[in-house]
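Only one structure is covered here, and it is reproduced in the block below.
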Amino acid sequence: MTWDEGLHRGAQVVADIPATGRELTYLEAIRDALRFELRRDPNVLLMGEDIGIYGGAFKVTQGLIEEFGEARVIDTPMAELAMIYAAIGMSFQGFRPVVEMQFADFISTGFDAIVQFAATNHYRWGQPVPITIRAPGAGGLRAGPFHSQSNEAWFVHTPGLKVVAPATPADARGLLLSAIRDPNPVIYYETKYLYRSLKGPVPEDDVTVPIGEAALRRAGEELSIIAYGAMVGEALAVANQLDAEGHSVEVLDLRTLKPLDEAAILATARRTGKVLIVHEANRTCGVGAEVAALIAAGAFEHLDGPITRVAGPDTPVPYSPPLEDAHRPAAPAILEAARDLLAY
Amino acid sequence: MELHPDLLIRAHYYMRLARALDDRGTFLHKQSKIVGGYFSQIGHEAISVAAGLALGPDDVAAPMHRDLGTYLVRGLHPRRILAQYLGRSTGVSLGRDANLHGMGDLSLGLIGFISHLPASTGVIAGVAHAFKLRGEPRVAMCFFGDGSASQGLAHEALNWASVFQLPMVAICENNQFAYSTPLSRQMNIANIADRAAAYGIPGVIVDGNDFCAVYQATCAAVERARAGGGPTLIECKTMRMRGHAIHDNQAYVPKALLEEWATRDPLARLEATLRARGLLDDDALAALHARIERELDDAQAFAEASPYPEPGTVRDGVYA
Ligand SMILES: Cc1ncc(C[n+]2csc(CCOP(=O)(O)OP(=O)(O)O)c2C)c(N)n1
Ligand SMILES: [Mg+2]
């Protein structure tokens with residue numbers, strides 16, 4: 001794709017989804033995608049800790065064991081490494097396992113299976129690994145350093161993996177359908193903060209959201225805010241406020257973190273000339289660093305200000321409310337950075 | 001062997017304190033003064049207190065999320081614990097970590113807990129290894145659950161401890177559930193202690209609701225480790241009497257099972273022993289309750305009067 005094709009696509013605001021009358025929460029949209037795929041493809045199965053009768057720590061899989069049985073909704077021993085290796089082995093035999101990490105934080109216990117084995121099989125011996133790993137991530141819920149992590153950059157850095165991070169219920173469903181059908185290992189970051197706080201229109205049919213395509217949530221002329229996950233909502237709030245003050249701001253939702261939608265990123269940077277990148281994950285070597293480097297290389301002559309990042313500081317996510325609030329990027333910090341950049 | 005009256009009276013105080021502190025935390029959570037997750041340890045008091053009391057002052061323990069008793073026995077003050085729960089700057093982790101996570105203080109021989117279970121097994125093997133390298137007569141003790149036992153690290157650490165014949169005691173708190181997952185989904189054998197044979201170390205099974213049994217078993221393992229006899233795996237059979245955490249009503253646990261284990265409450269059993277030996281009567285129990293409530297009122301007042309951490313310190317503390 002050439003960059004101006006991206007510009008053309010990116011210039012249209014992606015409406016969430018044509019109205020179908022159905023509104024779901026972000027969490028329900030994930031469950032709906034799982035149910036849709038379990039019904040559609042007998043090779044799809046789910047594995048995880050407490051996902052069966054209990055319905056998962058967040059109740060995402062509630063009701064699925066009743067419909068699909070123990071053989072397809074598998075409560076596992078508490079062993080992420082074995083779980084992910086087993087998923088890979090099952091995938092070699094034609095299954096499409098979807099593995100739930102209880103929290104994204106616990107994905108590190110299965111790290112070898114993901115970054116060493118799953119990520120390299122196709123490169124080394126031509127064997128695809130069609131598994132999906134659901135990772136409930138990010139903070140804002142007073143859950144402390146081990147239940148609040150945004151560790152997506154670990155996997156974005158790893159060749160052979162795809163990484164997605166939906167920000168809306170429709171994308172949560174559509175990207176999960178795509179992830180399950182993708183022949184590669186996909187890490188699917190779902191944002192716990194949005195589970196029940198975000199509701200939106202969600203299609204009922206087989207409507208996928210392609211992996212690798214960003215979505216322009218709002219068009220504008222003076223400034224681009226590039227975000228993903230819960231930060232998309234914060235970015236939109238900032239854009240609306242600045243709009244009321246007479247500015248024109250656009251918001252690009254990355255949706256897929258690997259592979260990045262370079263065309264859409266460059267298109268928005270070229271259009272506005274000012275870019276603010278926002279993510280919850282800590283700053284250093286985060287996704288924002290890669291986005292900034294892409295823009296510096298591909299849209300340099302269009303820039304009218306420094307590419308700016310608002311990100312979590314380089315610390316674990318703290319528990320105590322005043323500390324967590326100081327850690328997590330939110331509208332006020334984004335607004336301040338946006339104002340600075342607009343004034344530049 | 002009859003345990004010394006002073007020991008039993010001390011144990012009773014700590015077990016009551018652990019339970020009362022647990023209840024206080026539940027109350028503060030209901031009032032939304034504690035936010036986020038909160039774990040109850042009710043049913044685990046005999047294990048955490050007995051194992052803690054079996055250690056000497058220079059020994060080191062790595063407790064987990066239901067081992068409030070061990071923290072208390074090692075001298076962690078309820079003020080610091082409640083301040084931790086309330087996210088205050090005077091809490092053990094200065095407000096950075098949640099509930100029992102990160103409640104470490106090596107001056108008390110306590111290692112701060114991380115969620116990733118069973119990290120305690122690996123790190124305590126290293127502590128024990130250090131004691132052995134220096135020829136120090138010290139013992140390191142870790143705690144892990146029946147669910148944690150399914151993680152590869154539990155096996156790696158116990159094997160390591162055996163290969164190097166380390167002064168280590170591994171306490172497995174088998175409370176029959178890991179979150180909602182029953183034992184039958186964790187293992188296809190009757191006892192976790194049976195795995196000890198595969199590492200070439202002794203495996204001991206005790207009634208985890210019997211203070212005296214846990215104390216005697218852990219003392220024997222600690223003595224053995226201190227004398228150079230190597231590691232021991234102790235499996236304490238018990239029952240988690242509340243949900244995994246405060247949000248979980250554990251509807252998946254058969255009622256009859258909970259009723260059966262309620263009759264084996266570790267506190268009631270220790271109190272029966274104390275009464276039988278003439279070491280406790282109603283007046284003494286009432287006085288103990290009053291003393292503990294006073295101590296917890298003081299701890300809560302301290303915690304509530306403590307400031308929250310300053311937002312401006314959010315970047316502090318990452319590096320030494
Ligand atoms: C590596 C890892 N995976 C998942 C979790 C989430 N989790 C927290 S506690 C728990 C159950 C632990 O069970 P067990 O070891 O039996 O201890 P218990 O809570 O019963 O005392 C789970 C699955 C975790 N803490 N660490
Ligand atoms: Mg357990």
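Convention: chains lettered A, B, ... in structure tokens order; per-chain residue numbering from 1; ligands numbered from 1 as shown.
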Please provide the set of residues having any atom within 6 Å of segment 208-222 of chain B, restricted to only C-alpha atoms, with same-chain residues fewer than 2 positions apart removed, written as a PDB file with N, CA, C and O atoms, in the first residue's frame.
```pdb
ATOM      1  N   ALA B  46      -3.221 -21.495  61.825  1.00  0.00           N
ATOM      2  CA  ALA B  46      -2.319 -22.434  62.508  1.00  0.00           C
ATOM      3  C   ALA B  46      -1.029 -22.597  61.709  1.00  0.00           C
ATOM      4  O   ALA B  46       0.069 -22.651  62.279  1.00  0.00           O
ATOM      5  N   ILE B  47      -1.154 -22.651  60.400  1.00  0.00           N
ATOM      6  CA  ILE B  47       0.030 -22.870  59.557  1.00  0.00           C
ATOM      7  C   ILE B  47       0.956 -21.660  59.628  1.00  0.00           C
ATOM      8  O   ILE B  47       2.152 -21.785  59.915  1.00  0.00           O
ATOM      9  N   ALA B  50       2.351 -21.190  63.273  1.00  0.00           N
ATOM     10  CA  ALA B  50       3.241 -22.272  63.728  1.00  0.00           C
ATOM     11  C   ALA B  50       4.555 -22.255  62.959  1.00  0.00           C
ATOM     12  O   ALA B  50       5.643 -22.351  63.550  1.00  0.00           O
ATOM     13  N   ALA B  51       4.462 -22.130  61.655  1.00  0.00           N
ATOM     14  CA  ALA B  51       5.694 -22.138  60.848  1.00  0.00           C
ATOM     15  C   ALA B  51       6.541 -20.918  61.204  1.00  0.00           C
ATOM     16  O   ALA B  51       7.772 -21.017  61.303  1.00  0.00           O
ATOM     17  N   ALA B  54       8.337 -21.480  64.420  1.00  0.00           N
ATOM     18  CA  ALA B  54       9.385 -22.514  64.364  1.00  0.00           C
ATOM     19  C   ALA B  54      10.723 -21.930  63.921  1.00  0.00           C
ATOM     20  O   ALA B  54      11.760 -22.565  64.092  1.00  0.00           O
ATOM     21  N   VAL B 206       0.912 -32.903  57.281  1.00  0.00           N
ATOM     22  CA  VAL B 206       0.343 -32.597  58.601  1.00  0.00           C
ATOM     23  C   VAL B 206      -1.050 -32.010  58.462  1.00  0.00           C
ATOM     24  O   VAL B 206      -1.412 -31.471  57.411  1.00  0.00           O
ATOM     25  N   ARG B 224      16.475 -29.933  61.308  1.00  0.00           N
ATOM     26  CA  ARG B 224      17.174 -30.777  60.353  1.00  0.00           C
ATOM     27  C   ARG B 224      17.944 -29.897  59.362  1.00  0.00           C
ATOM     28  O   ARG B 224      19.122 -30.137  59.065  1.00  0.00           O
ATOM     29  N   ALA B 225      17.286 -28.874  58.865  1.00  0.00           N
ATOM     30  CA  ALA B 225      17.934 -27.979  57.903  1.00  0.00           C
ATOM     31  C   ALA B 225      19.127 -27.282  58.562  1.00  0.00           C
ATOM     32  O   ALA B 225      20.216 -27.199  57.984  1.00  0.00           O
ATOM     33  N   THR B 232      13.239 -29.918  53.461  1.00  0.00           N
ATOM     34  CA  THR B 232      12.055 -30.745  53.727  1.00  0.00           C
ATOM     35  C   THR B 232      10.849 -30.079  53.069  1.00  0.00           C
ATOM     36  O   THR B 232      10.741 -28.846  53.070  1.00  0.00           O
ATOM     37  N   CYS B 236       0.690 -29.009  54.398  1.00  0.00           N
ATOM     38  CA  CYS B 236      -0.303 -28.776  55.437  1.00  0.00           C
ATOM     39  C   CYS B 236      -1.682 -28.853  54.798  1.00  0.00           C
ATOM     40  O   CYS B 236      -2.021 -28.045  53.930  1.00  0.00           O
ATOM     41  N   LYS B 237      -2.469 -29.806  55.230  1.00  0.00           N
ATOM     42  CA  LYS B 237      -3.819 -29.952  54.677  1.00  0.00           C
ATOM     43  C   LYS B 237      -4.759 -29.015  55.413  1.00  0.00           C
ATOM     44  O   LYS B 237      -4.870 -29.084  56.648  1.00  0.00           O
ATOM     45  N   THR B 238      -5.412 -28.164  54.645  1.00  0.00           N
ATOM     46  CA  THR B 238      -6.326 -27.215  55.281  1.00  0.00           C
ATOM     47  C   THR B 238      -7.455 -26.882  54.321  1.00  0.00           C
ATOM     48  O   THR B 238      -7.667 -27.582  53.335  1.00  0.00           O
ATOM     49  N   PRO B 266      -8.953 -23.934  63.231  1.00  0.00           N
ATOM     50  CA  PRO B 266      -7.680 -24.026  63.963  1.00  0.00           C
ATOM     51  C   PRO B 266      -7.682 -23.250  65.279  1.00  0.00           C
ATOM     52  O   PRO B 266      -7.054 -23.685  66.249  1.00  0.00           O
TER      53      PRO B 266
END
```
Please return as an MDAnalysis selection string the residues found within 10 Å of ligand 2, counting only C-alpha atoms and all ligand atoms. chainID B and resid 66 144:149 172:183 186 238:240 244
Go ahead and write the residues just picked, N, CA, C and O atoms, as a short mmCIF file (atom, residue, chain, number, x, y, z; two decimals), in the first residue's frame.
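And here is the file that came out, part36.cif:
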```
data_model
loop_
_atom_site.label_atom_id
_atom_site.label_comp_id
_atom_site.auth_asym_id
_atom_site.auth_seq_id
_atom_site.Cartn_x
_atom_site.Cartn_y
_atom_site.Cartn_z
N ARG B 66 -1.74 -15.56 52.13
CA ARG B 66 -2.60 -15.96 53.26
C ARG B 66 -1.78 -16.21 54.52
O ARG B 66 -2.17 -16.97 55.39
N PHE B 144 3.94 -21.96 49.70
CA PHE B 144 3.29 -21.97 48.39
C PHE B 144 2.01 -22.79 48.49
O PHE B 144 1.84 -23.58 49.42
N GLY B 145 1.10 -22.59 47.54
CA GLY B 145 -0.21 -23.24 47.63
C GLY B 145 -0.31 -24.47 46.74
O GLY B 145 0.61 -24.82 46.01
N ASP B 146 -1.47 -25.10 46.81
CA ASP B 146 -1.72 -26.27 45.96
C ASP B 146 -1.75 -25.89 44.49
O ASP B 146 -1.31 -26.66 43.63
N GLY B 147 -2.26 -24.69 44.20
CA GLY B 147 -2.23 -24.24 42.80
C GLY B 147 -0.82 -23.91 42.39
O GLY B 147 -0.34 -24.36 41.33
N SER B 148 -0.12 -23.18 43.24
CA SER B 148 1.27 -22.80 42.95
C SER B 148 2.13 -24.03 42.68
O SER B 148 3.11 -23.94 41.93
N ALA B 149 1.78 -25.14 43.30
CA ALA B 149 2.58 -26.36 43.14
C ALA B 149 2.57 -26.86 41.70
O ALA B 149 3.43 -27.66 41.32
N CYS B 172 3.89 -26.23 51.97
CA CYS B 172 2.80 -26.17 51.00
C CYS B 172 1.48 -26.08 51.75
O CYS B 172 1.13 -26.96 52.54
N GLU B 173 0.76 -25.00 51.52
CA GLU B 173 -0.55 -24.81 52.16
C GLU B 173 -1.60 -25.33 51.20
O GLU B 173 -2.04 -24.63 50.30
N ASN B 174 -1.95 -26.59 51.40
CA ASN B 174 -2.95 -27.20 50.53
C ASN B 174 -4.33 -26.91 51.09
O ASN B 174 -4.83 -27.62 51.96
N ASN B 175 -4.93 -25.85 50.55
CA ASN B 175 -6.27 -25.47 51.01
C ASN B 175 -7.34 -25.90 50.02
O ASN B 175 -8.46 -25.39 50.02
N GLN B 176 -6.98 -26.84 49.16
CA GLN B 176 -7.92 -27.57 48.29
C GLN B 176 -8.45 -26.78 47.11
O GLN B 176 -9.11 -27.35 46.24
N PHE B 177 -8.17 -25.51 47.08
CA PHE B 177 -8.60 -24.71 45.93
C PHE B 177 -7.51 -23.73 45.54
O PHE B 177 -6.76 -23.25 46.39
N ALA B 178 -7.45 -23.47 44.25
CA ALA B 178 -6.65 -22.36 43.75
C ALA B 178 -7.65 -21.50 43.00
O ALA B 178 -8.14 -21.89 41.94
N TYR B 179 -7.99 -20.38 43.59
CA TYR B 179 -9.12 -19.59 43.09
C TYR B 179 -10.32 -20.54 43.02
O TYR B 179 -10.68 -21.10 44.05
N SER B 180 -10.91 -20.79 41.84
CA SER B 180 -12.05 -21.71 41.80
C SER B 180 -11.64 -23.13 41.47
O SER B 180 -12.48 -24.03 41.40
N THR B 181 -10.35 -23.35 41.22
CA THR B 181 -9.91 -24.63 40.68
C THR B 181 -9.68 -25.64 41.80
O THR B 181 -8.85 -25.41 42.69
N PRO B 182 -10.39 -26.77 41.76
CA PRO B 182 -10.21 -27.77 42.81
C PRO B 182 -8.94 -28.58 42.59
O PRO B 182 -8.38 -28.60 41.50
N LEU B 183 -8.53 -29.28 43.65
CA LEU B 183 -7.31 -30.09 43.58
C LEU B 183 -7.30 -31.04 42.40
O LEU B 183 -6.26 -31.26 41.79
N GLN B 186 -5.63 -29.77 39.57
CA GLN B 186 -4.21 -29.42 39.73
C GLN B 186 -3.32 -30.65 39.65
O GLN B 186 -2.17 -30.56 39.23
N THR B 238 -5.41 -28.16 54.65
CA THR B 238 -6.33 -27.21 55.28
C THR B 238 -7.46 -26.88 54.32
O THR B 238 -7.67 -27.58 53.34
N MET B 239 -8.17 -25.83 54.63
CA MET B 239 -9.28 -25.40 53.78
C MET B 239 -9.36 -23.88 53.78
O MET B 239 -9.27 -23.26 54.85
N ARG B 240 -9.52 -23.34 52.59
CA ARG B 240 -9.72 -21.89 52.48
C ARG B 240 -11.17 -21.61 52.84
O ARG B 240 -12.08 -22.05 52.13
N HIS B 244 -11.64 -16.79 47.18
CA HIS B 244 -10.25 -16.53 46.82
C HIS B 244 -9.83 -15.14 47.29
O HIS B 244 -8.77 -14.95 47.87
#
```
Do you have, as JSON lines, the list of residues of chain B lying at most 9 Å from chain A, each with its nearest atom pair and that distance in Å to one decimal, counting only C-alpha atoms and ordered by chain then number?
```
{"residue": "B:Val35", "atom": "CA", "partner": "A:Arg142", "partner_atom": "CA", "distance": 6.5}
{"residue": "B:Gly36", "atom": "CA", "partner": "A:Arg142", "partner_atom": "CA", "distance": 5.0}
{"residue": "B:Gly37", "atom": "CA", "partner": "A:Ala143", "partner_atom": "CA", "distance": 6.6}
{"residue": "B:Gln84", "atom": "CA", "partner": "A:Ser320", "partner_atom": "CA", "distance": 8.9}
{"residue": "B:Leu86", "atom": "CA", "partner": "A:Ser320", "partner_atom": "CA", "distance": 7.7}
{"residue": "B:Gly87", "atom": "CA", "partner": "A:Ser320", "partner_atom": "CA", "distance": 4.4}
{"residue": "B:Arg88", "atom": "CA", "partner": "A:Ser320", "partner_atom": "CA", "distance": 7.0}
{"residue": "B:Ser89", "atom": "CA", "partner": "A:Ser320", "partner_atom": "CA", "distance": 8.7}
{"residue": "B:Leu94", "atom": "CA", "partner": "A:Ser320", "partner_atom": "CA", "distance": 8.6}
{"residue": "B:Gly95", "atom": "CA", "partner": "A:Ser320", "partner_atom": "CA", "distance": 4.9}
{"residue": "B:Arg96", "atom": "CA", "partner": "A:Pro318", "partner_atom": "CA", "distance": 4.5}
{"residue": "B:Asp97", "atom": "CA", "partner": "A:Tyr319", "partner_atom": "CA", "distance": 5.2}
{"residue": "B:Ala98", "atom": "CA", "partner": "A:Gly144", "partner_atom": "CA", "distance": 5.2}
{"residue": "B:Asn99", "atom": "CA", "partner": "A:Gly144", "partner_atom": "CA", "distance": 8.8}
{"residue": "B:His101", "atom": "CA", "partner": "A:Gly144", "partner_atom": "CA", "distance": 8.7}
{"residue": "B:Ile114", "atom": "CA", "partner": "A:Phe146", "partner_atom": "CA", "distance": 7.2}
{"residue": "B:Ser115", "atom": "CA", "partner": "A:Phe146", "partner_atom": "CA", "distance": 6.0}
{"residue": "B:His116", "atom": "CA", "partner": "A:Phe106", "partner_atom": "CA", "distance": 6.6}
{"residue": "B:Gly147", "atom": "CA", "partner": "A:Met78", "partner_atom": "CA", "distance": 5.6}
{"residue": "B:Ser148", "atom": "CA", "partner": "A:Met78", "partner_atom": "CA", "distance": 6.6}
{"residue": "B:Ala149", "atom": "CA", "partner": "A:Met78", "partner_atom": "CA", "distance": 8.2}
{"residue": "B:Ser150", "atom": "CA", "partner": "A:Met78", "partner_atom": "CA", "distance": 5.7}
{"residue": "B:Gln151", "atom": "CA", "partner": "A:Ala79", "partner_atom": "CA", "distance": 5.0}
{"residue": "B:Gly152", "atom": "CA", "partner": "A:Ala79", "partner_atom": "CA", "distance": 7.4}
{"residue": "B:Ala178", "atom": "CA", "partner": "A:Met78", "partner_atom": "CA", "distance": 7.8}
{"residue": "B:Tyr179", "atom": "CA", "partner": "A:Asp50", "partner_atom": "CA", "distance": 7.1}
{"residue": "B:Ser180", "atom": "CA", "partner": "A:Asp50", "partner_atom": "CA", "distance": 5.7}
{"residue": "B:Thr181", "atom": "CA", "partner": "A:Asp50", "partner_atom": "CA", "distance": 6.0}
{"residue": "B:Leu183", "atom": "CA", "partner": "A:Pro77", "partner_atom": "CA", "distance": 8.9}
{"residue": "B:Arg185", "atom": "CA", "partner": "A:Pro77", "partner_atom": "CA", "distance": 5.7}
{"residue": "B:Gln186", "atom": "CA", "partner": "A:Pro77", "partner_atom": "CA", "distance": 4.7}
{"residue": "B:Met187", "atom": "CA", "partner": "A:Pro77", "partner_atom": "CA", "distance": 7.8}
{"residue": "B:Gln250", "atom": "CA", "partner": "A:Tyr54", "partner_atom": "CA", "distance": 9.0}
{"residue": "B:Ala251", "atom": "CA", "partner": "A:Tyr54", "partner_atom": "CA", "distance": 8.8}
{"residue": "B:Tyr252", "atom": "CA", "partner": "A:Tyr54", "partner_atom": "CA", "distance": 7.3}
{"residue": "B:Tyr308", "atom": "CA", "partner": "A:Pro322", "partner_atom": "CA", "distance": 7.1}
{"residue": "B:Pro309", "atom": "CA", "partner": "A:Leu323", "partner_atom": "CA", "distance": 6.7}
{"residue": "B:Glu310", "atom": "CA", "partner": "A:Pro322", "partner_atom": "CA", "distance": 7.1}
{"residue": "B:Pro311", "atom": "CA", "partner": "A:Leu323", "partner_atom": "CA", "distance": 5.1}
{"residue": "B:Gly312", "atom": "CA", "partner": "A:Ala326", "partner_atom": "CA", "distance": 7.5}
{"residue": "B:Thr313", "atom": "CA", "partner": "A:Leu323", "partner_atom": "CA", "distance": 7.7}
{"residue": "B:Val314", "atom": "CA", "partner": "A:Leu323", "partner_atom": "CA", "distance": 5.7}
{"residue": "B:Arg315", "atom": "CA", "partner": "A:Thr315", "partner_atom": "CA", "distance": 6.4}
{"residue": "B:Asp316", "atom": "CA", "partner": "A:Thr315", "partner_atom": "CA", "distance": 8.2}
{"residue": "B:Gly317", "atom": "CA", "partner": "A:Thr315", "partner_atom": "CA", "distance": 8.4}
{"residue": "B:Val318", "atom": "CA", "partner": "A:Thr315", "partner_atom": "CA", "distance": 6.2}
```
Create the file for the chosen residues now, containing C-alpha atoms and written as a compact mmCIF listing (two decimals), in the first residue's frame.
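Written file, selection_27.txt:
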```txt
# COMPACT_ATOMS: atom_id res chain seq x y z
CA VAL B 35 -9.58 -0.39 47.61
CA GLY B 36 -8.72 -3.08 45.06
CA GLY B 37 -8.25 -6.72 46.00
CA GLN B 84 -0.09 -0.78 53.68
CA LEU B 86 -4.86 1.68 53.10
CA GLY B 87 -2.20 2.72 50.58
CA ARG B 88 -0.49 5.13 52.98
CA SER B 89 3.06 6.37 52.89
CA LEU B 94 5.12 3.15 51.06
CA GLY B 95 1.86 2.85 49.15
CA ARG B 96 3.44 1.29 46.10
CA ASP B 97 2.23 -2.29 46.45
CA ALA B 98 -1.20 -3.70 47.28
CA ASN B 99 -2.54 -5.73 50.23
CA HIS B 101 2.16 -7.88 48.22
CA ILE B 114 5.00 -10.84 44.33
CA SER B 115 1.83 -12.12 42.71
CA HIS B 116 3.59 -14.51 40.41
CA GLY B 147 -2.23 -24.24 42.80
CA SER B 148 1.27 -22.80 42.95
CA ALA B 149 2.58 -26.36 43.14
CA SER B 150 1.56 -26.83 39.49
CA GLN B 151 4.06 -24.23 38.32
CA GLY B 152 7.37 -25.48 37.00
CA ALA B 178 -6.65 -22.36 43.75
CA TYR B 179 -9.12 -19.59 43.09
CA SER B 180 -12.05 -21.71 41.80
CA THR B 181 -9.91 -24.63 40.68
CA LEU B 183 -7.31 -30.09 43.58
CA ARG B 185 -7.66 -30.12 38.29
CA GLN B 186 -4.21 -29.42 39.73
CA MET B 187 -2.93 -32.92 40.26
CA GLN B 250 -16.99 -19.18 46.41
CA ALA B 251 -20.33 -20.56 45.27
CA TYR B 252 -18.31 -23.32 43.58
CA TYR B 308 -1.04 9.23 51.33
CA PRO B 309 2.15 9.24 49.30
CA GLU B 310 2.77 12.51 47.48
CA PRO B 311 1.86 12.25 43.77
CA GLY B 312 5.16 13.99 43.05
CA THR B 313 7.04 10.95 44.35
CA VAL B 314 5.60 8.72 41.63
CA ARG B 315 8.98 8.30 39.94
CA ASP B 316 10.88 7.55 43.13
CA GLY B 317 12.24 4.28 44.31
CA VAL B 318 12.82 2.34 41.13
```
Report as a PDB file with C-alpha atoms, in the first residue's frame: the residues of segment 61-240 of chain A with a DSSP assignment of strand (DSSP E), based on the backbone of this structure.
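Okay, states32.pdb is ready:
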```pdb
ATOM      1  CA  VAL A  73     -13.697 -24.643  27.598  1.00  0.00           C
ATOM      2  CA  ILE A  74     -10.792 -26.106  29.506  1.00  0.00           C
ATOM      3  CA  ASP A  75     -10.001 -25.164  33.088  1.00  0.00           C
ATOM      4  CA  ARG A  96      -7.267 -22.991  17.264  1.00  0.00           C
ATOM      5  CA  PRO A  97      -6.749 -22.472  20.983  1.00  0.00           C
ATOM      6  CA  VAL A  98      -7.586 -19.195  22.662  1.00  0.00           C
ATOM      7  CA  VAL A  99      -5.690 -18.964  25.924  1.00  0.00           C
ATOM      8  CA  GLU A 100      -6.756 -16.637  28.713  1.00  0.00           C
ATOM      9  CA  THR A 132      -4.544 -16.381  20.435  1.00  0.00           C
ATOM     10  CA  ILE A 133      -3.495 -15.269  23.884  1.00  0.00           C
ATOM     11  CA  ARG A 134      -5.936 -12.976  25.656  1.00  0.00           C
ATOM     12  CA  ALA A 135      -4.167 -10.656  28.042  1.00  0.00           C
ATOM     13  CA  PRO A 136      -6.363  -8.498  30.326  1.00  0.00           C
ATOM     14  CA  GLY A 137      -4.104  -5.541  30.850  1.00  0.00           C
ATOM     15  CA  LYS A 162       1.043  -9.965  16.163  1.00  0.00           C
ATOM     16  CA  VAL A 163      -0.280  -7.701  18.891  1.00  0.00           C
ATOM     17  CA  VAL A 164      -3.688  -6.030  18.990  1.00  0.00           C
ATOM     18  CA  VAL A 186      -1.672 -13.083  18.265  1.00  0.00           C
ATOM     19  CA  ILE A 187      -1.475 -11.422  21.664  1.00  0.00           C
ATOM     20  CA  TYR A 188      -4.821  -9.802  22.254  1.00  0.00           C
ATOM     21  CA  TYR A 189      -4.646  -7.047  24.869  1.00  0.00           C
ATOM     22  CA  GLU A 190      -8.025  -6.361  26.371  1.00  0.00           C
ATOM     23  CA  THR A 191      -8.354  -3.382  28.648  1.00  0.00           C
ATOM     24  CA  LYS A 199     -20.660   0.199  25.853  1.00  0.00           C
ATOM     25  CA  GLY A 200     -21.205   0.551  22.139  1.00  0.00           C
ATOM     26  CA  PRO A 201     -22.773  -0.826  18.986  1.00  0.00           C
ATOM     27  CA  ALA A 215      -8.886   3.749  12.705  1.00  0.00           C
ATOM     28  CA  LEU A 216      -9.285   7.473  12.539  1.00  0.00           C
ATOM     29  CA  ARG A 217     -11.738   8.237  15.353  1.00  0.00           C
ATOM     30  CA  ARG A 218     -11.983  11.932  14.684  1.00  0.00           C
ATOM     31  CA  LEU A 223      -2.891  18.177  15.838  1.00  0.00           C
ATOM     32  CA  SER A 224      -2.934  14.371  15.727  1.00  0.00           C
ATOM     33  CA  ILE A 225      -3.311  12.352  18.903  1.00  0.00           C
ATOM     34  CA  ILE A 226      -2.275   8.732  18.384  1.00  0.00           C
ATOM     35  CA  ALA A 227      -3.407   6.311  21.082  1.00  0.00           C
TER      36      ALA A 227
END
```
As number ranges by chain, please: every residue in segment 15-203 of chain A that a backbone DSSP assignment puts in helix (DSSP H, G or I). A: 26-40, 64-68, 80-92, 104-118, 121-125, 152-156, 169-181, 192-194
Pick the closest to ligand 1 from B:Val253, B:Ala119, B:Leu166, B:Ala197: which is it, counting only C-alpha atoms and all ligand atoms?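 For ligand 1, the nearest of the given residues is B:Ala119.
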